[in-house]
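> Take a look at the following structure, please.
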Amino acid sequence: MKSSLFISDIKQLVGLHSGDVTVLRGAEMSNLPSLKDAWLLIEDGKIVSFGSMDNLPTLSDTTEQISAAHGFVLPAWCDSHTHLVFAASREEEFVLKIKGKSYEEIAAAGGGILNSARKLQTTREEDLYQLAQLRLKKLISLGTGAIEIKSGYGLNVDAELKMLRVIKRLKEYFPIPIKATFLGAHAYPEAFKNNREGYLDEIITKMLPQIAAEGLADYMDVFCEQGFFSLADTERLLHAAAQYGLKAKIHANQLSASGAVELAVKHKAVSADHLEVMNESAFAALKSGNTMATLLPNCSLFLNIPFANARELINQNIPVALASDFNPGSSPSGNMNLVMALACMRQKLLPEEAINAATLNGAAALELSNAYGSISTGKVANLIITKPIPSLAYLPYAFGENLIERVIIQGKIYTND
């Protein structure tokens with residue numbers, strides 16, 4: 001028997017892009033098609049039709065019916081950059097930041113990524129899974145309907161595999177799509193501090209073959225930055241990952257205009273993420289290719305570093321996505337509602353642009369936009385129903401409120417049970 005859900009009394013149905021629209025660039029990003037005073041019908045987890053409340057469809061007796069109570073209905077957020085699997089929070093470093101220590105100083109003193117790695121290496125896989133699934137449930141309740149999760153806090157063979165196996169378990173248990181990214185090249189571990197070549201070899205000859213054998217990752221990411229992995233290191237790693245069918249994602253231009261963006265485009269990376277420090281060459285590279293520019297405003301807020309120049313990216317017809325960068329050190333929040341609000345307040349995106357960046361373009365950064373990220377017949381019904389709000393702009397405007405009334409995942413009301 002078909003399962004069906006009918007949502008009535010929708011103040012505004014938002015994100016009605018045509019099903020053949022899978023990515024938005026430039027001026028397209030401010031176009032957010034919508035329908036006022038609407039209804040939506042879902043069958044077997046997919047959107048089958050929608051229309052105006054003055055033209056209601058005939059429903060079967062078995063159709064579940066709910067009212068949006070004049071809330072807005074939007075596609076669920078698609079968060080394409082997170083580090084959700086970690087062993088412990090790092091609020092002690094937060095206090096050091098308040099006292100004036102920089103990100104680089106904390107990392108040099110054994111904090112940062114290496115701090116998380118030490119904690120994760122001694123944490124059991126089951127404990128990591130339990131922590132991660134609790135976090136993911138909270139994020140779904142805040143409207144996230146698709147997500148990417150990286151490894152990168154293991155930094156040795158066993159611990160990186162442990163992280164990726166946790167992500168695989170999350171994929172199998174949760175009803176939202178999850179993409180796994182191998183980020184063994186997140187930092188050079190203490191054991192290889194004076195033997196960088198040895199760690200590159202560890203990734204290429206030990207980690208990648210095992211990851212491929214177990215089918216643990218969809219993408220390969222590298223933190224390409226001064227003091228981390230050089231352009232030459234990154235290129236070598238991406239070449240190796242490509243032999244195992246892993247597409248590229250790159251942490252690029254967070255602290256400097258390093259050439260990482262140009263390298264990402266050269267390797268046809270699905271996305272180049274961060275982009276806080278850009279130059280003409282980096283803009284030109286993104287403009288010439290199809291790599292998504294993924295911006296992480298939570299990280300800029302938390303670290304007090306520049307926000308990526310979203311307006312210039314859009315002005316140059318480059319597709320822009322928004323993601324949370326959820327992690328214990330530089331973005332301890334996976335709340336995509338806050339991400340969208342920050343993009344409007346600090347990066348001067350219009351609410352329509354921010355929503356498109358967090359939905360359809362976020363889905364594109366996960367290679368999922370054929371089925372997620374907009375409200376179109378045939379797409380998966382992963383949706384947000386807001387509380388009654390006066391306008392769409394109220395979502396980022398009232399950034400301190402939780403304005404989500406319900407989350408629909410695969411056509412069913414999501415609960416945290």
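Following the order of the structure tokens, chains are lettered A, B, ..., residues in each are numbered from 1, and ligands are numbered from 1.
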Pick out the residues sitting within 6 Å of stretch 23-40 of chain A, and hand them over as a PyMOL selection string; count only C-alpha atoms, and ignore anything fewer than 2 positions along from it in its own chain.
chain A and resi 6-8+10-16+21+50-53+314-315+317-319+352-353+361
> Would you write out those residues with C-alpha atoms, as an mmCIF file, in the first residue's frame?

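Produced file out17.cif, reproduced below:
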```
data_model
loop_
_atom_site.group_PDB
_atom_site.id
_atom_site.type_symbol
_atom_site.label_atom_id
_atom_site.label_comp_id
_atom_site.auth_asym_id
_atom_site.auth_seq_id
_atom_site.Cartn_x
_atom_site.Cartn_y
_atom_site.Cartn_z
ATOM 1 C CA PHE A 6 -0.978 15.819 2.233
ATOM 2 C CA ILE A 7 0.164 19.175 3.610
ATOM 3 C CA SER A 8 -2.410 21.955 3.459
ATOM 4 C CA ILE A 10 0.938 26.465 3.395
ATOM 5 C CA LYS A 11 1.468 30.219 3.523
ATOM 6 C CA GLN A 12 4.205 29.938 0.910
ATOM 7 C CA LEU A 13 5.691 26.907 -0.832
ATOM 8 C CA VAL A 14 9.314 27.864 -1.524
ATOM 9 C CA GLY A 15 11.977 26.567 -3.896
ATOM 10 C CA LEU A 16 9.855 25.419 -6.829
ATOM 11 C CA VAL A 21 17.618 22.800 -12.709
ATOM 12 C CA PHE A 50 1.309 20.756 -5.447
ATOM 13 C CA GLY A 51 -1.062 23.606 -6.107
ATOM 14 C CA SER A 52 -3.199 26.402 -4.748
ATOM 15 C CA MET A 53 -5.614 25.962 -1.847
ATOM 16 C CA ILE A 314 27.966 35.610 -7.343
ATOM 17 C CA ASN A 315 28.795 38.698 -9.385
ATOM 18 C CA ASN A 317 28.667 33.969 -12.105
ATOM 19 C CA ILE A 318 30.214 31.341 -9.810
ATOM 20 C CA PRO A 319 27.845 28.887 -8.084
ATOM 21 C CA GLU A 352 16.594 34.055 -1.525
ATOM 22 C CA GLU A 353 20.268 33.620 -2.430
ATOM 23 C CA ASN A 361 23.429 24.355 -4.513
#
```
> Within 10 Å of stretch 148-155 of chain A, which residues of stretch 306-332 of chain A show up? Give each one with its shortest atom-to-atom distance in Å (one decimal) and the two atoms involved, counting only C-alpha atoms, rows by chain then rising residue number, as a tab-separated table.

```
residue	atom	partner	partner_atom	distance
A:Ala323	CA	A:Glu148	CA	9.5
A:Asp325	CA	A:Ile149	CA	9.4
A:Phe326	CA	A:Ile149	CA	9.2
A:Asn327	CA	A:Lys150	CA	9.9
```
> For stretch 354-383 of chain A versus stretch 60-76 of chain A, which residues have an atom no more than 12 Å away, and what is each residue's nearest atom pair and distance in Å rounded to one decimal, using only C-alpha atoms, chain-then-number order, as JSON lines?

```
{"residue": "A:Ile355", "atom": "CA", "partner": "A:Leu74", "partner_atom": "CA", "distance": 8.8}
{"residue": "A:Asn356", "atom": "CA", "partner": "A:Pro75", "partner_atom": "CA", "distance": 9.4}
{"residue": "A:Ala357", "atom": "CA", "partner": "A:Pro75", "partner_atom": "CA", "distance": 11.5}
{"residue": "A:Ala358", "atom": "CA", "partner": "A:Ala76", "partner_atom": "CA", "distance": 8.6}
{"residue": "A:Thr359", "atom": "CA", "partner": "A:Pro75", "partner_atom": "CA", "distance": 6.4}
{"residue": "A:Leu360", "atom": "CA", "partner": "A:Pro75", "partner_atom": "CA", "distance": 8.3}
{"residue": "A:Asn361", "atom": "CA", "partner": "A:Pro75", "partner_atom": "CA", "distance": 11.6}
{"residue": "A:Gly362", "atom": "CA", "partner": "A:Ala76", "partner_atom": "CA", "distance": 10.3}
{"residue": "A:Ala363", "atom": "CA", "partner": "A:Ala76", "partner_atom": "CA", "distance": 9.9}
{"residue": "A:Ser369", "atom": "CA", "partner": "A:Pro75", "partner_atom": "CA", "distance": 11.3}
{"residue": "A:Ala371", "atom": "CA", "partner": "A:Pro75", "partner_atom": "CA", "distance": 11.1}
{"residue": "A:Tyr372", "atom": "CA", "partner": "A:Pro75", "partner_atom": "CA", "distance": 7.8}
{"residue": "A:Gly373", "atom": "CA", "partner": "A:Pro75", "partner_atom": "CA", "distance": 5.6}
{"residue": "A:Ser374", "atom": "CA", "partner": "A:Pro75", "partner_atom": "CA", "distance": 5.3}
{"residue": "A:Ile375", "atom": "CA", "partner": "A:Pro75", "partner_atom": "CA", "distance": 6.1}
{"residue": "A:Ser376", "atom": "CA", "partner": "A:Pro75", "partner_atom": "CA", "distance": 9.7}
{"residue": "A:Lys379", "atom": "CA", "partner": "A:Pro75", "partner_atom": "CA", "distance": 10.2}
{"residue": "A:Val380", "atom": "CA", "partner": "A:Pro75", "partner_atom": "CA", "distance": 9.5}
{"residue": "A:Ala381", "atom": "CA", "partner": "A:Pro75", "partner_atom": "CA", "distance": 7.9}
{"residue": "A:Asn382", "atom": "CA", "partner": "A:Ala76", "partner_atom": "CA", "distance": 5.4}
{"residue": "A:Leu383", "atom": "CA", "partner": "A:Ala76", "partner_atom": "CA", "distance": 4.5}
```
> If you take only C-alpha atoms and a cut-off of 10 Å, which residues of stretch 255-353 of chain A touch stretch 125-145 of chain A, and what are their nearest atom pairs and distances in Å to one decimal, in chain and number order, as JSON lines?

```
{"residue": "A:Ser333", "atom": "CA", "partner": "A:Leu139", "partner_atom": "CA", "distance": 9.2}
{"residue": "A:Gly334", "atom": "CA", "partner": "A:Leu139", "partner_atom": "CA", "distance": 6.4}
{"residue": "A:Asn335", "atom": "CA", "partner": "A:Leu139", "partner_atom": "CA", "distance": 6.5}
{"residue": "A:Met336", "atom": "CA", "partner": "A:Thr144", "partner_atom": "CA", "distance": 7.1}
{"residue": "A:Asn337", "atom": "CA", "partner": "A:Leu142", "partner_atom": "CA", "distance": 7.5}
```
> Just the number, please: distance in Å from atom CA of A:Leu183 to atom CA of A:Arg169, one decimal.
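So the two atoms, atom CA of A:Leu183 and atom CA of A:Arg169, lie 17.7 Å apart.
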> Just the strand (DSSP E or B) stuff from stretch 107-312 of chain A, please, per backbone DSSP, written as a PDB file with N, CA and C atoms, in the first residue's frame.

```pdb
ATOM      1  N   THR A 144      18.178  19.847   8.602  1.00  0.00           N
ATOM      2  CA  THR A 144      19.146  19.281   7.663  1.00  0.00           C
ATOM      3  C   THR A 144      18.597  17.977   7.088  1.00  0.00           C
ATOM      4  N   GLY A 145      18.509  17.926   5.754  1.00  0.00           N
ATOM      5  CA  GLY A 145      17.940  16.753   5.090  1.00  0.00           C
ATOM      6  C   GLY A 145      18.909  16.009   4.201  1.00  0.00           C
ATOM      7  N   ALA A 146      20.166  16.470   4.144  1.00  0.00           N
ATOM      8  CA  ALA A 146      21.245  15.774   3.442  1.00  0.00           C
ATOM      9  C   ALA A 146      22.538  16.324   4.008  1.00  0.00           C
ATOM     10  N   ILE A 147      23.564  15.466   4.102  1.00  0.00           N
ATOM     11  CA  ILE A 147      24.775  15.911   4.799  1.00  0.00           C
ATOM     12  C   ILE A 147      26.009  15.183   4.283  1.00  0.00           C
ATOM     13  N   GLU A 148      27.133  15.851   4.347  1.00  0.00           N
ATOM     14  CA  GLU A 148      28.446  15.249   4.113  1.00  0.00           C
ATOM     15  C   GLU A 148      29.169  15.191   5.448  1.00  0.00           C
ATOM     16  N   ILE A 149      29.913  14.101   5.689  1.00  0.00           N
ATOM     17  CA  ILE A 149      30.678  13.951   6.923  1.00  0.00           C
ATOM     18  C   ILE A 149      32.087  13.508   6.560  1.00  0.00           C
ATOM     19  N   LYS A 150      33.075  14.175   7.139  1.00  0.00           N
ATOM     20  CA  LYS A 150      34.477  13.880   6.835  1.00  0.00           C
ATOM     21  C   LYS A 150      35.128  13.087   7.958  1.00  0.00           C
ATOM     22  N   ILE A 178      23.736  10.595   3.139  1.00  0.00           N
ATOM     23  CA  ILE A 178      24.983  10.983   3.790  1.00  0.00           C
ATOM     24  C   ILE A 178      26.128  10.663   2.844  1.00  0.00           C
ATOM     25  N   LYS A 179      26.973  11.635   2.567  1.00  0.00           N
ATOM     26  CA  LYS A 179      28.172  11.413   1.771  1.00  0.00           C
ATOM     27  C   LYS A 179      29.381  11.386   2.710  1.00  0.00           C
ATOM     28  N   ALA A 180      30.280  10.418   2.470  1.00  0.00           N
ATOM     29  CA  ALA A 180      31.473  10.238   3.313  1.00  0.00           C
ATOM     30  C   ALA A 180      32.699  10.759   2.578  1.00  0.00           C
ATOM     31  N   THR A 181      33.494  11.551   3.278  1.00  0.00           N
ATOM     32  CA  THR A 181      34.711  12.117   2.695  1.00  0.00           C
ATOM     33  C   THR A 181      35.921  11.713   3.526  1.00  0.00           C
ATOM     34  N   PHE A 182      36.931  11.160   2.864  1.00  0.00           N
ATOM     35  CA  PHE A 182      38.184  10.792   3.514  1.00  0.00           C
ATOM     36  C   PHE A 182      39.080  12.032   3.585  1.00  0.00           C
ATOM     37  N   LEU A 183      39.395  12.452   4.805  1.00  0.00           N
ATOM     38  CA  LEU A 183      40.228  13.629   5.036  1.00  0.00           C
ATOM     39  C   LEU A 183      41.432  13.263   5.902  1.00  0.00           C
ATOM     40  N   GLY A 184      42.086  12.152   5.547  1.00  0.00           N
ATOM     41  CA  GLY A 184      43.310  11.810   6.269  1.00  0.00           C
ATOM     42  C   GLY A 184      44.344  12.914   6.166  1.00  0.00           C
ATOM     43  N   ALA A 185      44.289  13.680   5.083  1.00  0.00           N
ATOM     44  CA  ALA A 185      45.213  14.804   4.885  1.00  0.00           C
ATOM     45  C   ALA A 185      44.624  16.077   5.489  1.00  0.00           C
ATOM     46  N   TYR A 219      34.414  10.707  -1.382  1.00  0.00           N
ATOM     47  CA  TYR A 219      35.302  11.788  -1.805  1.00  0.00           C
ATOM     48  C   TYR A 219      36.624  11.738  -1.047  1.00  0.00           C
ATOM     49  N   MET A 220      37.610  12.431  -1.617  1.00  0.00           N
ATOM     50  CA  MET A 220      38.898  12.662  -0.961  1.00  0.00           C
ATOM     51  C   MET A 220      39.053  14.167  -0.773  1.00  0.00           C
ATOM     52  N   ASP A 221      39.343  14.582   0.441  1.00  0.00           N
ATOM     53  CA  ASP A 221      39.553  15.989   0.761  1.00  0.00           C
ATOM     54  C   ASP A 221      40.979  16.173   1.268  1.00  0.00           C
ATOM     55  N   VAL A 222      41.524  17.360   1.048  1.00  0.00           N
ATOM     56  CA  VAL A 222      42.856  17.715   1.533  1.00  0.00           C
ATOM     57  C   VAL A 222      42.793  19.135   2.075  1.00  0.00           C
ATOM     58  N   PHE A 223      43.409  19.360   3.245  1.00  0.00           N
ATOM     59  CA  PHE A 223      43.551  20.713   3.788  1.00  0.00           C
ATOM     60  C   PHE A 223      44.793  21.317   3.149  1.00  0.00           C
ATOM     61  N   CYS A 224      44.587  21.987   2.030  1.00  0.00           N
ATOM     62  CA  CYS A 224      45.697  22.561   1.257  1.00  0.00           C
ATOM     63  C   CYS A 224      45.943  23.976   1.761  1.00  0.00           C
ATOM     64  N   PHE A 229      49.104  20.957   4.097  1.00  0.00           N
ATOM     65  CA  PHE A 229      49.505  20.188   2.924  1.00  0.00           C
ATOM     66  C   PHE A 229      49.736  21.136   1.754  1.00  0.00           C
ATOM     67  N   LYS A 247      36.352  11.157  -5.887  1.00  0.00           N
ATOM     68  CA  LYS A 247      36.382  12.512  -6.430  1.00  0.00           C
ATOM     69  C   LYS A 247      36.948  13.485  -5.395  1.00  0.00           C
ATOM     70  N   ALA A 248      37.368  14.646  -5.877  1.00  0.00           N
ATOM     71  CA  ALA A 248      38.053  15.610  -5.015  1.00  0.00           C
ATOM     72  C   ALA A 248      37.099  16.618  -4.398  1.00  0.00           C
ATOM     73  N   LYS A 249      37.385  16.947  -3.139  1.00  0.00           N
ATOM     74  CA  LYS A 249      36.896  18.140  -2.447  1.00  0.00           C
ATOM     75  C   LYS A 249      38.128  18.725  -1.756  1.00  0.00           C
ATOM     76  N   ILE A 250      38.238  20.037  -1.704  1.00  0.00           N
ATOM     77  CA  ILE A 250      39.452  20.627  -1.136  1.00  0.00           C
ATOM     78  C   ILE A 250      39.108  21.741  -0.155  1.00  0.00           C
ATOM     79  N   HIS A 251      39.751  21.709   1.029  1.00  0.00           N
ATOM     80  CA  HIS A 251      39.800  22.867   1.924  1.00  0.00           C
ATOM     81  C   HIS A 251      40.755  23.866   1.268  1.00  0.00           C
ATOM     82  N   ALA A 252      40.225  24.967   0.764  1.00  0.00           N
ATOM     83  CA  ALA A 252      41.035  25.856  -0.065  1.00  0.00           C
ATOM     84  C   ALA A 252      40.941  27.308   0.396  1.00  0.00           C
ATOM     85  N   SER A 271      33.842  20.407  -5.081  1.00  0.00           N
ATOM     86  CA  SER A 271      33.742  21.703  -4.407  1.00  0.00           C
ATOM     87  C   SER A 271      35.096  22.150  -3.890  1.00  0.00           C
ATOM     88  N   ALA A 272      35.245  23.455  -3.788  1.00  0.00           N
ATOM     89  CA  ALA A 272      36.366  24.079  -3.079  1.00  0.00           C
ATOM     90  C   ALA A 272      35.750  24.826  -1.911  1.00  0.00           C
ATOM     91  N   ASP A 273      36.160  24.491  -0.705  1.00  0.00           N
ATOM     92  CA  ASP A 273      35.462  24.933   0.500  1.00  0.00           C
ATOM     93  C   ASP A 273      36.329  25.880   1.343  1.00  0.00           C
ATOM     94  N   HIS A 274      35.714  26.868   1.918  1.00  0.00           N
ATOM     95  CA  HIS A 274      36.259  27.967   2.728  1.00  0.00           C
ATOM     96  C   HIS A 274      36.338  29.239   1.898  1.00  0.00           C
ATOM     97  N   MET A 292      32.015  23.799  -7.249  1.00  0.00           N
ATOM     98  CA  MET A 292      31.166  24.606  -6.383  1.00  0.00           C
ATOM     99  C   MET A 292      32.017  25.375  -5.365  1.00  0.00           C
ATOM    100  N   ALA A 293      31.701  26.652  -5.188  1.00  0.00           N
ATOM    101  CA  ALA A 293      32.326  27.458  -4.134  1.00  0.00           C
ATOM    102  C   ALA A 293      31.487  27.308  -2.870  1.00  0.00           C
ATOM    103  N   THR A 294      32.006  26.566  -1.914  1.00  0.00           N
ATOM    104  CA  THR A 294      31.254  26.294  -0.684  1.00  0.00           C
ATOM    105  C   THR A 294      31.791  27.172   0.443  1.00  0.00           C
ATOM    106  N   LEU A 295      30.914  27.982   1.020  1.00  0.00           N
ATOM    107  CA  LEU A 295      31.301  28.970   2.020  1.00  0.00           C
ATOM    108  C   LEU A 295      30.830  28.526   3.403  1.00  0.00           C
TER     109      LEU A 295
END
```
> Could you check how far atom CA of A:Arg90 sits from atom CA of A:Arg118, in Å to one decimal?
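Straight-line distance from atom CA of A:Arg90 to atom CA of A:Arg118 works out to 12.1 Å.
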> Considering only C-alpha atoms, state which residue in the set A:Ala187, A:Leu5, A:Leu313, A:Ile385 is at the smallest distance from A:Lys348.
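Closest residue, counting only C-alpha atoms: A:Leu313.
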> Name all residues at most 12 Å from A:Ala232 (count only C-alpha atoms; drop same-chain ones fewer than 5 positions away) and give them as an NGL selection string.
:A and (197 or 200 or 222 or 224-226 or 237-239 or 258-260 or 263)
> So that I can check the surroundings of stretch 98-105 of chain A, please list as number ranges by chain every protein, DNA and RNA residue that reaches within 9 Å of it, counting only C-alpha atoms and ignoring chain neighbours fewer than 6 positions away.
A: 111-112, 303, 330
> For a quick check of understanding, using only C-alpha atoms, which of A:Leu350, A:Ala117, A:Leu255, A:Ile409 has the smallest distance to A:Asn304?
A:Leu255
> What is the distance between atom CA of A:Pro209 and atom CA of A:Asp233, in Å to one decimal?
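Going from atom CA of A:Pro209 over to atom CA of A:Asp233 covers 18.2 Å.
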> DSSP on the backbone, alpha helix (DSSP H) only: what residues of stretch 184-414 of chain A does that give? Format it as number ranges by chain.
A: 196-202, 208-214, 231-242, 260-266, 280-288, 297-303, 310-315, 336-347, 351-358, 360-364, 394-397
